[in-house]
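Student: Data: entry-v1.pdb, PDB, C-alpha atoms and all ligand atoms.
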ATOM      1  CA  MET H   2     -24.707  21.118 -10.020
ATOM      2  CA  LYS H   3     -22.458  19.080 -12.296
ATOM      3  CA  VAL H   4     -22.871  15.316 -11.918
ATOM      4  CA  PHE H   5     -20.470  12.897 -13.577
ATOM      5  CA  LEU H   6     -21.516   9.259 -13.990
ATOM      6  CA  PHE H   7     -19.943   6.101 -15.278
ATOM      7  CA  ALA H   8     -20.423   2.372 -14.966
ATOM      8  CA  ALA H   9     -17.413   0.389 -13.776
ATOM      9  CA  SER H  10     -17.897  -2.269 -16.430
ATOM     10  CA  LEU H  11     -16.237  -2.655 -19.809
ATOM     11  CA  ARG H  12     -18.793  -5.156 -21.110
ATOM     12  CA  LYS H  13     -20.873  -4.174 -24.149
ATOM     13  CA  GLY H  14     -24.132  -5.530 -22.719
ATOM     14  CA  SER H  15     -23.380  -4.286 -19.182
ATOM     15  CA  TYR H  16     -26.359  -3.949 -16.836
ATOM     16  CA  ASN H  17     -24.455  -1.266 -14.947
ATOM     17  CA  LYS H  18     -24.182   0.768 -18.149
ATOM     18  CA  LYS H  19     -27.967   0.494 -18.485
ATOM     19  CA  LEU H  20     -28.474   1.557 -14.872
ATOM     20  CA  VAL H  21     -26.187   4.546 -15.208
ATOM     21  CA  ARG H  22     -28.123   5.750 -18.280
ATOM     22  CA  ILE H  23     -31.400   5.500 -16.354
ATOM     23  CA  ALA H  24     -29.859   7.408 -13.422
ATOM     24  CA  ALA H  25     -28.578  10.093 -15.823
ATOM     25  CA  ASP H  26     -32.018  10.463 -17.419
ATOM     26  CA  LEU H  27     -33.654  10.835 -14.012
ATOM     27  CA  LEU H  28     -31.054  13.405 -12.939
ATOM     28  CA  SER H  29     -31.590  15.375 -16.159
ATOM     29  CA  GLU H  30     -35.133  16.110 -14.954
ATOM     30  CA  HIS H  31     -33.637  18.278 -12.210
ATOM     31  CA  VAL H  32     -33.222  21.708 -13.823
ATOM     32  CA  PHE H  33     -30.164  22.579 -11.745
ATOM     33  CA  CYS H  34     -28.355  19.396 -12.790
ATOM     34  CA  GLU H  35     -25.776  19.257 -15.557
ATOM     35  CA  VAL H  36     -25.221  15.589 -16.302
ATOM     36  CA  GLU H  37     -22.276  13.933 -18.017
ATOM     37  CA  VAL H  38     -22.048  10.188 -18.645
ATOM     38  CA  CYS H  39     -18.883   8.482 -19.873
ATOM     39  CA  GLU H  40     -18.081   4.890 -20.681
ATOM     40  CA  PHE H  41     -15.323   3.344 -18.583
ATOM     41  CA  ASN H  42     -13.972   2.013 -21.920
ATOM     42  CA  GLU H  43     -13.052   5.609 -22.814
ATOM     43  CA  PHE H  44     -10.269   5.425 -20.219
ATOM     44  CA  PRO H  45      -8.082   2.453 -21.127
ATOM     45  CA  MET H  46      -5.213   2.077 -18.674
ATOM     46  CA  PRO H  47      -2.435  -0.349 -17.808
ATOM     47  CA  MET H  48      -2.382  -2.298 -14.562
ATOM     48  CA  PHE H  49      -0.979   0.000 -11.929
ATOM     49  CA  ASN H  50       2.793  -0.108 -11.801
ATOM     50  CA  ALA H  51       4.756   2.649 -10.060
ATOM     51  CA  ASP H  52       7.581   2.112 -12.568
ATOM     52  CA  ILE H  53       5.257   3.137 -15.422
ATOM     53  CA  ALA H  54       4.284   6.266 -13.503
ATOM     54  CA  GLU H  55       7.929   7.092 -12.855
ATOM     55  CA  GLU H  56       9.144   6.391 -16.392
ATOM     56  CA  PHE H  57       6.218   7.629 -18.499
ATOM     57  CA  GLY H  58       4.099   9.694 -16.083
ATOM     58  CA  ILE H  59       0.420   9.170 -15.390
ATOM     59  CA  PRO H  60      -1.469   7.762 -18.408
ATOM     60  CA  ASP H  61      -3.461  10.374 -20.363
ATOM     61  CA  SER H  62      -6.617   8.336 -19.803
ATOM     62  CA  ILE H  63      -6.222   8.761 -16.035
ATOM     63  CA  ALA H  64      -5.590  12.484 -16.357
ATOM     64  CA  LYS H  65      -8.773  12.658 -18.473
ATOM     65  CA  LEU H  66     -10.819  10.657 -15.966
ATOM     66  CA  GLY H  67      -9.347  12.712 -13.117
ATOM     67  CA  ASN H  68     -10.402  15.931 -14.883
ATOM     68  CA  LYS H  69     -13.952  14.694 -15.313
ATOM     69  CA  ILE H  70     -14.114  13.938 -11.587
ATOM     70  CA  GLN H  71     -12.377  17.186 -10.636
ATOM     71  CA  GLU H  72     -14.787  19.286 -12.686
ATOM     72  CA  ALA H  73     -17.883  17.598 -11.256
ATOM     73  CA  ASP H  74     -19.579  18.525  -7.998
ATOM     74  CA  ALA H  75     -20.767  14.975  -7.538
ATOM     75  CA  VAL H  76     -19.946  11.553  -8.956
ATOM     76  CA  ILE H  77     -22.174   8.502  -9.352
ATOM     77  CA  ILE H  78     -20.629   5.133 -10.157
ATOM     78  CA  SER H  79     -22.612   2.036 -10.989
ATOM     79  CA  THR H  80     -20.482  -0.968 -10.294
ATOM     80  CA  PRO H  81     -20.777  -4.731 -10.490
ATOM     81  CA  GLU H  82     -19.606  -6.928  -7.641
ATOM     82  CA  TYR H  83     -16.853  -9.393  -8.403
ATOM     83  CA  ASN H  84     -16.253 -12.189  -5.928
ATOM     84  CA  GLY H  85     -18.000 -10.272  -3.196
ATOM     85  CA  SER H  86     -15.934  -7.151  -3.708
ATOM     86  CA  ILE H  87     -14.828  -4.228  -5.887
ATOM     87  CA  PRO H  88     -14.076  -5.111  -9.532
ATOM     88  CA  GLY H  89     -10.312  -5.099 -10.137
ATOM     89  CA  THR H  90     -10.745  -2.670 -13.033
ATOM     90  CA  LEU H  91     -12.298  -0.034 -10.782
ATOM     91  CA  LYS H  92      -9.736  -0.534  -8.007
ATOM     92  CA  ASN H  93      -6.975  -0.211 -10.615
ATOM     93  CA  ALA H  94      -8.461   3.096 -11.823
ATOM     94  CA  ILE H  95      -8.713   4.380  -8.237
ATOM     95  CA  ASP H  96      -5.067   3.470  -7.588
ATOM     96  CA  TRP H  97      -4.010   5.390 -10.699
ATOM     97  CA  LEU H  98      -6.267   8.340  -9.776
ATOM     98  CA  SER H  99      -4.610   8.482  -6.362
ATOM     99  CA  MET H 100      -1.334   9.394  -8.107
ATOM    100  CA  LEU H 101      -2.809  12.655  -9.435
ATOM    101  CA  ASP H 102      -1.994  15.912  -7.734
ATOM    102  CA  PRO H 103      -4.381  17.342  -6.689
ATOM    103  CA  ASN H 104      -6.292  14.202  -5.773
ATOM    104  CA  PRO H 105      -9.574  14.582  -7.694
ATOM    105  CA  LEU H 106     -11.522  12.467  -5.208
ATOM    106  CA  ALA H 107     -10.721  14.590  -2.162
ATOM    107  CA  LYS H 108     -13.925  16.141  -0.787
ATOM    108  CA  LYS H 109     -15.871  14.810  -3.770
ATOM    109  CA  TYR H 110     -19.425  13.655  -3.142
ATOM    110  CA  VAL H 111     -19.743  10.082  -4.373
ATOM    111  CA  CYS H 112     -22.772   7.795  -4.632
ATOM    112  CA  LEU H 113     -22.419   4.098  -5.442
ATOM    113  CA  ILE H 114     -25.114   2.128  -7.194
ATOM    114  CA  GLY H 115     -24.921  -1.252  -8.879
ATOM    115  CA  ALA H 116     -26.445  -4.126 -10.773
ATOM    116  CA  SER H 117     -25.709  -7.810 -10.636
ATOM    117  CA  ASP H 118     -27.455 -10.850 -12.013
ATOM    118  CA  GLU H 119     -27.193 -12.448  -8.590
ATOM    119  CA  ARG H 120     -29.578 -12.065  -5.649
ATOM    120  CA  LEU H 121     -27.809  -9.377  -3.593
ATOM    121  CA  GLY H 122     -27.492  -6.967  -6.523
ATOM    122  CA  GLY H 123     -23.861  -6.172  -5.826
ATOM    123  CA  VAL H 124     -24.307  -4.376  -2.514
ATOM    124  CA  ARG H 125     -21.331  -6.217  -0.987
ATOM    125  CA  GLY H 126     -19.219  -4.852  -3.840
ATOM    126  CA  ASN H 127     -20.529  -1.346  -3.116
ATOM    127  CA  ILE H 128     -19.579  -1.699   0.541
ATOM    128  CA  HIS H 129     -16.025  -2.754  -0.349
ATOM    129  CA  CYS H 130     -15.787   0.101  -2.881
ATOM    130  CA  ARG H 131     -16.331   2.624  -0.098
ATOM    131  CA  VAL H 132     -12.968   1.915   1.489
ATOM    132  CA  PRO H 133     -10.542   3.310  -1.139
ATOM    133  CA  PHE H 134     -12.866   6.261  -1.859
ATOM    134  CA  HIS H 135     -13.075   7.007   1.833
ATOM    135  CA  ILE H 136      -9.287   6.748   2.205
ATOM    136  CA  LEU H 137      -8.897   9.273  -0.636
ATOM    137  CA  GLY H 138     -11.144  11.723   1.182
ATOM    138  CA  ALA H 139     -14.337  11.362  -0.850
ATOM    139  CA  TYR H 140     -17.614  12.109   0.934
ATOM    140  CA  MET H 141     -19.505   8.875   0.517
ATOM    141  CA  TYR H 142     -23.294   8.991   0.329
ATOM    142  CA  PRO H 143     -24.400   6.448   2.936
ATOM    143  CA  ASN H 144     -27.198   4.760   0.967
ATOM    144  CA  TYR H 145     -27.046   2.414  -2.042
ATOM    145  CA  PHE H 146     -29.280   1.397  -4.903
ATOM    146  CA  ASP H 147     -28.698  -2.070  -6.318
ATOM    147  CA  VAL H 148     -30.542  -4.039  -8.966
ATOM    148  CA  ALA H 149     -30.554  -7.760  -8.169
ATOM    149  CA  LEU H 150     -31.233 -10.446 -10.798
ATOM    150  CA  SER H 151     -30.351  -7.823 -13.382
ATOM    151  CA  ASP H 152     -30.541 -10.307 -16.277
ATOM    152  CA  THR H 153     -34.356 -10.088 -16.004
ATOM    153  CA  ALA H 154     -34.724  -6.597 -14.491
ATOM    154  CA  PHE H 155     -34.362  -4.521 -17.687
ATOM    155  CA  ASP H 156     -36.642  -4.463 -20.728
ATOM    156  CA  GLU H 157     -35.443  -4.503 -24.342
ATOM    157  CA  LYS H 158     -35.123  -0.686 -24.287
ATOM    158  CA  GLY H 159     -32.778  -0.878 -21.301
ATOM    159  CA  GLN H 160     -35.381   0.479 -18.869
ATOM    160  CA  LEU H 161     -36.103  -1.009 -15.447
ATOM    161  CA  LYS H 162     -39.256  -3.078 -15.697
ATOM    162  CA  ASP H 163     -40.399  -2.489 -12.115
ATOM    163  CA  PRO H 164     -41.738   1.075 -11.619
ATOM    164  CA  LYS H 165     -41.143   0.719  -7.863
ATOM    165  CA  GLN H 166     -37.425   0.328  -8.557
ATOM    166  CA  VAL H 167     -37.457   3.465 -10.710
ATOM    167  CA  GLU H 168     -39.216   5.345  -7.922
ATOM    168  CA  LYS H 169     -36.678   4.127  -5.356
ATOM    169  CA  LEU H 170     -33.754   5.087  -7.609
ATOM    170  CA  ASN H 171     -35.302   8.514  -8.150
ATOM    171  CA  ASP H 172     -35.703   9.008  -4.388
ATOM    172  CA  ILE H 173     -32.104   7.992  -3.735
ATOM    173  CA  LEU H 174     -30.785  10.288  -6.459
ATOM    174  CA  GLY H 175     -32.816  13.202  -5.088
ATOM    175  CA  ASP H 176     -31.494  12.503  -1.612
ATOM    176  CA  PHE H 177     -27.928  12.258  -2.940
ATOM    177  CA  LEU H 178     -28.314  15.664  -4.645
ATOM    178  CA  ARG H 179     -29.386  17.152  -1.311
ATOM    179  CA  PHE H 180     -26.391  15.464   0.375
ATOM    180  CA  ALA H 181     -24.020  16.772  -2.305
ATOM    181  CA  SER H 182     -25.365  20.329  -2.279
ATOM    182  CA  ARG H 183     -24.536  20.985   1.357
ATOM    183  CA  LYS H 184     -22.309  24.027   1.645
ATOM    184  CA  GLU H 185     -20.455  22.344   4.448
ATOM    185  CA  SER H 186     -19.852  18.648   4.368
ATOM    186  CA  PRO H 187     -21.296  16.622   7.230
ATOM    187  CA  PHE H 188     -17.712  15.826   8.128
ATOM    188  CA  ASP H 189     -16.735  19.491   8.500
ATOM    189  CA  VAL H 190     -19.757  19.948  10.746
ATOM    190  CA  LEU H 191     -18.614  16.973  12.801
ATOM    191  CA  ASP H 192     -15.130  18.492  13.054
ATOM    192  CA  ASP H 193     -16.662  21.729  14.377
ATOM    193  CA  PHE H 194     -18.700  19.796  16.889
ATOM    194  CA  ILE H 195     -15.839  17.672  18.112
ATOM    195  CA  GLY H 196     -13.273  20.487  17.928
ATOM    196  CA  ASN H 197     -10.351  19.835  20.230
ATOM    197  CA  ARG H 198     -12.361  17.898  22.786
ATOM    198  CA  ASP H 199     -10.411  15.122  24.362
ATOM    199  CA  PHE H 200     -12.210  11.819  24.079
ATOM    200  CA  THR H 201      -9.525   9.673  25.689
ATOM    201  CA  ARG H 202     -10.820   7.436  28.444
ATOM    202  CA  SER H 203      -8.299   8.631  31.046
ATOM    203  CA  ASN H 204      -9.654  12.198  30.770
ATOM    204  CA  ASN H 205     -13.277  11.131  30.984
ATOM    205  CA  ALA H 206     -13.470   9.636  34.463
ATOM    206  CA  ASN H 207     -17.115   8.632  34.253
ATOM    207  CA  HIS H 208     -16.560   6.270  31.320
TER     208      HIS H 208
HETATM  209  C1  LIG E 301     -15.464 -12.976 -12.163
HETATM  210  C2  LIG E 301     -16.872 -12.652 -11.760
HETATM  211  C3  LIG E 301     -17.214 -12.642 -10.420
HETATM  212  C4  LIG E 301     -18.503 -12.311 -10.027
HETATM  213  N1  LIG E 301     -18.815 -12.263  -8.697
HETATM  214  C5  LIG E 301     -20.036 -11.835  -8.310
HETATM  215  C6  LIG E 301     -20.347 -11.682  -6.928
HETATM  216  O1  LIG E 301     -19.569 -11.959  -6.052
HETATM  217  N2  LIG E 301     -21.578 -11.210  -6.594
HETATM  218  C7  LIG E 301     -22.509 -10.873  -7.527
HETATM  219  O2  LIG E 301     -23.587 -10.412  -7.177
HETATM  220  N3  LIG E 301     -22.239 -11.033  -8.857
HETATM  221  C8  LIG E 301     -21.041 -11.501  -9.247
HETATM  222  N4  LIG E 301     -20.751 -11.640 -10.571
HETATM  223  C9  LIG E 301     -21.807 -11.349 -11.520
HETATM  224  C10 LIG E 301     -21.693  -9.923 -12.014
HETATM  225  O3  LIG E 301     -22.100  -9.049 -11.039
HETATM  226  C11 LIG E 301     -22.566  -9.814 -13.256
HETATM  227  O4  LIG E 301     -21.960 -10.553 -14.267
HETATM  228  C12 LIG E 301     -22.802  -8.394 -13.678
HETATM  229  O5  LIG E 301     -23.759  -8.412 -14.668
HETATM  230  C13 LIG E 301     -21.555  -7.735 -14.215
HETATM  231  O6  LIG E 301     -21.828  -6.402 -14.428
HETATM  232  P1  LIG E 301     -22.103  -5.787 -15.870
HETATM  233  O7  LIG E 301     -23.355  -6.438 -16.394
HETATM  234  O8  LIG E 301     -22.298  -4.328 -15.629
HETATM  235  O9  LIG E 301     -20.917  -6.076 -16.718
HETATM  236  C14 LIG E 301     -19.476 -12.025 -10.996
HETATM  237  C15 LIG E 301     -19.120 -12.059 -12.365
HETATM  238  C16 LIG E 301     -17.847 -12.356 -12.723
HETATM  239  C17 LIG E 301     -17.488 -12.376 -14.209
END
Show the structure stored in the file as structure tokens.
Tutor:
Amino acid sequence: MKVFLFAASLRKGSYNKKLVRIAADLLSEHVFCEVEVCEFNEFPMPMFNADIAEEFGIPDSIAKLGNKIQEADAVIISTPEYNGSIPGTLKNAIDWLSMLDPNPLAKKYVCLIGASDERLGGVRGNIHCRVPFHILGAYMYPNYFDVALSDTAFDEKGQLKDPKQVEKLNDILGDFLRFASRKESPFDVLDDFIGNRDFTRSNNANH
């Protein structure tokens, strides 16, 4: 299984970049996993403007990022939380990616993790991030892993100091791999189950 990871931060000393490296190392222990990590900085892009797309086409950086996602079976993004939500840089990239045909995020298994130097570890940002991915048809892994107080959570080698956190991250990654290796997505299974059944209230007299 090919797993593509990046941190949605451009900052040199980014905690999310550290977290994504740790996640990649843990994933590399799984023999069936082929892991690729990129820096978000490798994909510089303008602020989304439909005029740019019309006049110049989609930026090469977006085509490159889209290819990385397209080629992967699963994607893991470590993202900070900005003002309780998705960082503008990541949302901008998603908006550009949504212009690609085919849409590389459709039916892609995605797991969100994060690090923040505040107390909630960026989980609110992760929750907001789900929305555009979901709208683009990605299969979102339901769980999160977030490192709170990240300014003191990593040692000088960039490793998580608390072994319990490493264990939890490892468990979540293992679970995500199981989620992403389903032959049928849970959503297809749900479609089969629901089929053409009519759930309108008027046709279900007992409700
Ligand atoms: C403009 C701005 C807004 C932020 N808002 C939040 C926030 O709402 N919640 C939070 O947990 N951290 C917030 N932070 C802290 C970032 O999560 C923290 O700086 C984090 O380390 C950034 O990620 P990075 O280290 O990967 O670059 C904010 C930081 C900035 C610069």
Student: Which is closest to Val76 of chain H among H:Leu28, H:Val111, H:Ala64, H:Leu101, if we use only C-alpha atoms?
Tutor: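 Distance minimum relative to Val76 of chain H lands on H:Val111.
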Student: Could you work out an axis-aligned box for segment 150-167 of chain H, taking every atom the file lists and adding 5 Å on each side, and report centre and edge lengths in Å to one decimal, as lines of an AutoDock Vina configuration file?
Tutor:
center_x = -36.0
center_y = -3.5
center_z = -16.1
size_x = 21.4
size_y = 23.9
size_z = 26.5
Student: Check every protein, DNA and RNA residue against ligand LIG 301 (chain E), keep those with an atom at most 9 Å away (counting only C-alpha atoms and all ligand atoms), and present them as JSON, numbers by chain.
Tutor: {"H": [8, 9, 10, 11, 12, 13, 14, 15, 16, 17, 18, 19, 20, 79, 80, 81, 82, 83, 84, 85, 86, 88, 115, 116, 117, 118, 119, 120, 121, 122, 123, 124, 125, 126, 149, 150, 151, 152]}
Student: Atom CA of Leu113 of chain H to atom CA of Asn127 of chain H: how many Å, to one decimal?
Tutor: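 Interatomic distance, atom CA of Leu113 of chain H to atom CA of Asn127 of chain H: 6.2 Å.
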Student: Here's the selection I'm unsure about, the PyMOL selection byres (((chain H and resi 139) around 6) and not hetatm); applied to the file above, which residues does it give, as a list of chain:residue names?
Tutor: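 This file gives the following for the PyMOL selection byres (((chain H and resi 139) around 6) and not hetatm): H:Leu106, H:Ala107, H:Lys108, H:Lys109, H:Phe134, H:His135, H:Leu137, H:Gly138, H:Tyr140, H:Met141.
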